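Chemist: Here it is, the structure, as structure tokens.
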Amino acid sequence: MTNRHPNRPAGRFQRPRAVLLAAAAALLAAGGLPPAAAATPGRLPAVVHAATNGGGEGCSTTRPCSVQGAQSRVRELLRSGPARDIRVELAGGTYRLSEPLTFGPQDSGQGQHRVTWTAAPGAHPVLSGALRVTDWTLHDKDKNIWQAPLPEGLDTRQVYVDGQRAPIAQTTPAELKLAFAAATGGYTTTPATWAQDLRTQIGAEALKGVEFVYTGGNGPWTQSRCRVDSADATTLLMQQPCWGNVTKRPVFTQASGSLPSMRAGTAPTRIENAYPFLHPGQWYIDRERHVLNYVPAPGQDMTSLDVEVPRLSTLVRGTGTLDEPVRNLTFTGLSFSYATWLDPSSPAGFADVQDNLRLTGDDPQHPQGTCTFGTPPGTCPFGALTREPGNVQFTAARDVTFRGNHFTHLGAAGLVLEYGSRDNLVEGNTFADISGNGVILGDTTDPHPSDAGADDREISTGNALANNLIHHVGIDYPSAASITLFFTQHTLVTHNELRDLPYTGISAGVIQGHVDNAAHPENSTNINSDNTISHNLIHRYMQVLKDGGAVYVEGHQGRTITASDGTVDRAASIAHGLTVEGNVAYDQGNVNFTWYDDAGAQWLNWTGNLEWGAKQAQGGCQTTGHLDYTGNVQSGLIGEFHCSPPEPVDTHIADNRTIPSSPEAADLPAETVAQAGLTARHQRLSTALPPGIGFAHEAASGTGVLIAGNGYDDDVQVSFDGTPAAGITLLSDGILNAVPPAGVHPKQVTVTTRGGSVTAEVVTG
């Protein structure tokens with residue numbers, strides 16, 4: 001018998017407006033579409049039809065257009081027809097884009113009307129930036145290396161085989177029996193002629209494509225990448241400016257956090273992208289001969305494989321201006337798939353700082369992002385590092401909705417909304433198999449109205465990310481958070497499930513506080529205010545890198561508000577800062593603090609959150625203070641502020657409850673568990689997939705086994721060592737309690753759902 005918790009919300013998220021976001025308790029309401037997606041009363045919408053083989057001009061059901069032709073038809077209707085809603089229906093299949101699908105003000109809905117790009121009923125359209133590779137021939141019978149021709153000039157950093165990401169040709173220093181020592185601009189190696197021998201084997205140009213990967217090289221939260229430049233009989237030189245940006249990072253004064261330089265001579269974790277490195281299941285592009293090399297994995301038959309090579313770095317781009325934003329668009333039921341990102345292949349490489357921000361500057365006398373705190377002074381504002389782009393990216397977007405889409409097989413970030421993007425909604429989407437971050441909101445340049453020439457319309461405000469499933473991101477660039485917020489106002493991140501992550505779950509303000517602490521709290525102010533992170537389910541995070549958290553916060557999260565008498569109005573400042581409420585986190589990897597208020601963090605309120613399993617639940621390094629941590633439930637230590645002095649100021653930590661690190665069901669706040677993660681209407685995003693188990697602990701009290709993971713539906717079945725459970729209580733779609741048969745102390749538990757089954761060991765004691 002399965003009992004579902006009665007308090008699980010079933011409603012659909014209602015689009016917030018900036019003036020309403022403070023009312024975070026009223027986020028969900030039953031039934032109905034949000035106003036932005038509802039059809040406008042009055043005239044029936046015009047319907048435009050597109051198909052993968054479309055070539056008609058009328059875009060009718062019998063003579064559909066191509067996707068580009070459908071866009072032209074929409075523009076014609078917007079120019080000449082009466083104002084009304086327009087609906088573009090895409091038939092099923094793969095739409096192979098030769099260039100990005102670009103939206104501007106001319107594609108926007110008029111007045112209160114919308115233009116909706118949607119899947120036709122029952123269809124599953126895919127907007128793809130990939131070329132399907134065919135005409136394979138066996139090139140090297142002994143090594144089973146196959147080759148296929150590519151168009152001249154095609155380059156990529158990803159290849160997919162039968163829908164699965166294939167790794168690039170790679171090896172390790174241990175496999176090569178190779179040692180490294182520091183030399184000016186690079187290395188000497190043992191054997192001394194390794195690089196020169198490799199150059200002789202593959203050529204000087206191909207040698208420039210060889211890429212060194214440094215996991216933890218610039219701090220345990222980073223993974224930098226630089227390419228080889230050249231080699232002679234004694235020295236292996238690395239490409240600039242990447243090498244300088246990795247090994248000789250700028251320093252700055254009044255630092256509460258640093259940009260660690262990698263020690264010269266540090267050996268790479270692995271070495272990628274050369275023909276001799278090929279192993280089964282790996283690929284390599286010979287750019288001189290324009291061929292793709294692939295070694296089939298065991299069991300693969302090259303004659304039947306679907307090999308997809310992404311060639312576009314952008315699939316969909318929305319570009320508005322502050323005067324004419326791109327607006328009133330809806331994208332629903334679409335798959336955005338197969339895109340790459342080539343910047344890390346450039347001489348700037350991927351000089352990782354944190355959360356996929358990187359150094360790309362090439363002038364050591366004018367360092368990137370150190371502003372007046374550097375010696376010599378650097379570029380301003382402070383912390384203006386280079387941000388990762390999105391394979392789907394919108395600038396100056398207003399009232400744009402992404403609902404029920406799939407973002408998958410992507411080489412950069414999945415979705416970016418930036419520069420004056422307002423009142424946009426990202427709801428009910430899946431983000432998976434992405435090289436970088438899942439969703440990024442904002443940029444590293446603070447759009448502060450007090451700056452000369454700034455316009456407060458540059459501020460991204462009123463945006464909401466709700467009921468999304470984000471998993472398996474950061475595949476190539478693992479310092480990625482699943483959701484990253486830069487400088488924003490009235491942002492709402494709520495009811496998302498975030499799992500299987502290499503690093504942090506949600507990041508707010510990375511790098512922003514690196515010159516602030518309690519001794520000098522106002523060095524780097526910004527426009528952040530009234531942002532909320534609530535009721536998210538975060539698990540199996542920090543699985544690759546170290547020193548992150550479920551929610552990581554840095555820098556000012558609101559401004560210091562003064563009362564009429566000139567004193568600080570603490571209550572108002574906290575109320576208009578960042579609220580982190582009702583989130584649940586478990587099954588962490590190399591976490592530092594679950595709820596992490598790091599360098600310069602101030603004006604934030606942690607309340608009603610739940611975590612278990614971490615050594616440290618809450619704290620940080622060089623935290624400024626002005627924070628509340630109240631009403632939370634945790635197993636880890638709280639108030640752990642390290643790297644002092646100075647000690648953080650004005651911290652209010654009260655009314656929290658400690659539970660065991662291996663809790664039983666009765667230890668958990670039922671309402672918090674029931675509310676966190678996807679609401680009932682959107683749980684199919686998780687329950688349609690195979691379930692997972694990250695935690696299974698038998699209670700000493702004999703009340704059952706607490707099981708935490710993902711994808712537990714109403715029909716979930718649990719068995720212990722092959723025997724069905726005596727009872728099941730479903731606390732949420734990620735947490736349940738199952739009672740073993742009488743007298744049984746199980747060793748294994750199996751959870752079976754409509755999506756599949758999974759087995760895990762049961763921990764006792």
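How things are named: the first chain in the structure tokens is A, the next is B, and so on; residues count from 1 in each chain; ligands count from 1 in the order shown.
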At a cut-off of 10 Å, can you tabulate as JSON lines every residue of stretch 126-234 of chain A near stretch 405-425 of chain A together with its closest atom pair and the distance in Å to one decimal, using only C-alpha atoms and ordering rows by chain then number?

Modeler:
```
{"residue": "A:Val126", "atom": "CA", "partner": "A:His406", "partner_atom": "CA", "distance": 8.9}
{"residue": "A:Leu127", "atom": "CA", "partner": "A:Phe407", "partner_atom": "CA", "distance": 9.9}
{"residue": "A:Ser128", "atom": "CA", "partner": "A:His409", "partner_atom": "CA", "distance": 9.6}
{"residue": "A:Gly129", "atom": "CA", "partner": "A:Leu410", "partner_atom": "CA", "distance": 9.4}
{"residue": "A:Thr156", "atom": "CA", "partner": "A:Gly411", "partner_atom": "CA", "distance": 9.0}
{"residue": "A:Arg157", "atom": "CA", "partner": "A:Gly411", "partner_atom": "CA", "distance": 7.4}
{"residue": "A:Gln158", "atom": "CA", "partner": "A:Gly411", "partner_atom": "CA", "distance": 6.9}
{"residue": "A:Val159", "atom": "CA", "partner": "A:His409", "partner_atom": "CA", "distance": 9.2}
{"residue": "A:Tyr160", "atom": "CA", "partner": "A:His409", "partner_atom": "CA", "distance": 7.9}
{"residue": "A:Gly163", "atom": "CA", "partner": "A:His409", "partner_atom": "CA", "distance": 8.2}
{"residue": "A:Gln164", "atom": "CA", "partner": "A:His409", "partner_atom": "CA", "distance": 8.3}
{"residue": "A:Arg165", "atom": "CA", "partner": "A:His409", "partner_atom": "CA", "distance": 7.4}
```

Chemist: Neighbouring residues of A:Arg199 were defined as those with any atom within 12 Å, considering only C-alpha atoms; residues of the same chain fewer than 5 positions away were excluded. Please report them as a PyMOL selection string.

Modeler: chain A and resi 193-194+204-210+228-233+236+274-276

Chemist: Would you please work out which residue, of A:Pro173, A:Pro669, A:Gly765, A:Gly727, is nearest to A:Ala700 when using only C-alpha atoms?

Modeler: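 That would be A:Gly765, the residue with the smallest distance to A:Ala700.
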
Chemist: Looking at only C-alpha atoms, which of A:Arg570, A:His448, A:His49, A:His472 is the one that sits closest to A:Gly92?

Modeler: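 Of A:Arg570, A:His448, A:His49, A:His472, the one nearest A:Gly92 is A:His49, counting only C-alpha atoms.
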
Chemist: If you measure from atom CA of A:Cys621 to atom CA of A:Ala351, what distance in Å do you get, rounded to one decimal?

Modeler: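 For atom CA of A:Cys621 relative to atom CA of A:Ala351, the distance reads 23.2 Å.
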
Chemist: Considering only C-alpha atoms, state which residue in the set A:Gln354, A:Thr703, A:Thr729, A:Gln393 is at the smallest distance from A:Leu259.

Modeler: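 Among the listed residues, A:Gln354 lies closest to A:Leu259.
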
Chemist: Nearest to A:Phe394 among A:Thr102, A:Thr134, A:Asn656, A:Thr188, with distances taken over only C-alpha atoms: which residue is it?

Modeler: A:Thr102

Chemist: Find the residues around A:Gln588 up to 12 Å (only C-alpha atoms counted), leave out those fewer than 4 positions away in its own chain, and share them as a PyMOL selection string.

Modeler: chain A and resi 498-505+538-551+584+592-595+611-617+661+694-695+709

Chemist: In stretch 496-670 of chain A, what's strand (DSSP E or B) per DSSP? Answer as a VMD selection string?

Modeler: chain A and resid 497 to 499 506 to 508 529 531 to 534 537 to 541 551 to 553 556 562 568 578 to 581 584 to 588 595 to 597 602 to 607 610 to 611 616 618 to 621 625 to 630 633 to 634 637 640 to 642 649 to 654 657 to 658

Chemist: From the options A:Gly600, A:Thr672, A:Asn245, A:Asp650, which residue's atoms come nearest to A:Val633, counting only C-alpha atoms?

Modeler: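 Checking each candidate against A:Val633, we get A:Thr672 as the closest.
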
Chemist: Report as a PyMOL selection string: the residues of stretch 76-270 of chain A with a DSSP assignment of helix (DSSP H, G or I), based on the backbone of this structure.

Modeler: chain A and resi 76-80+105-107+173-176+194-202+204-207+242-247
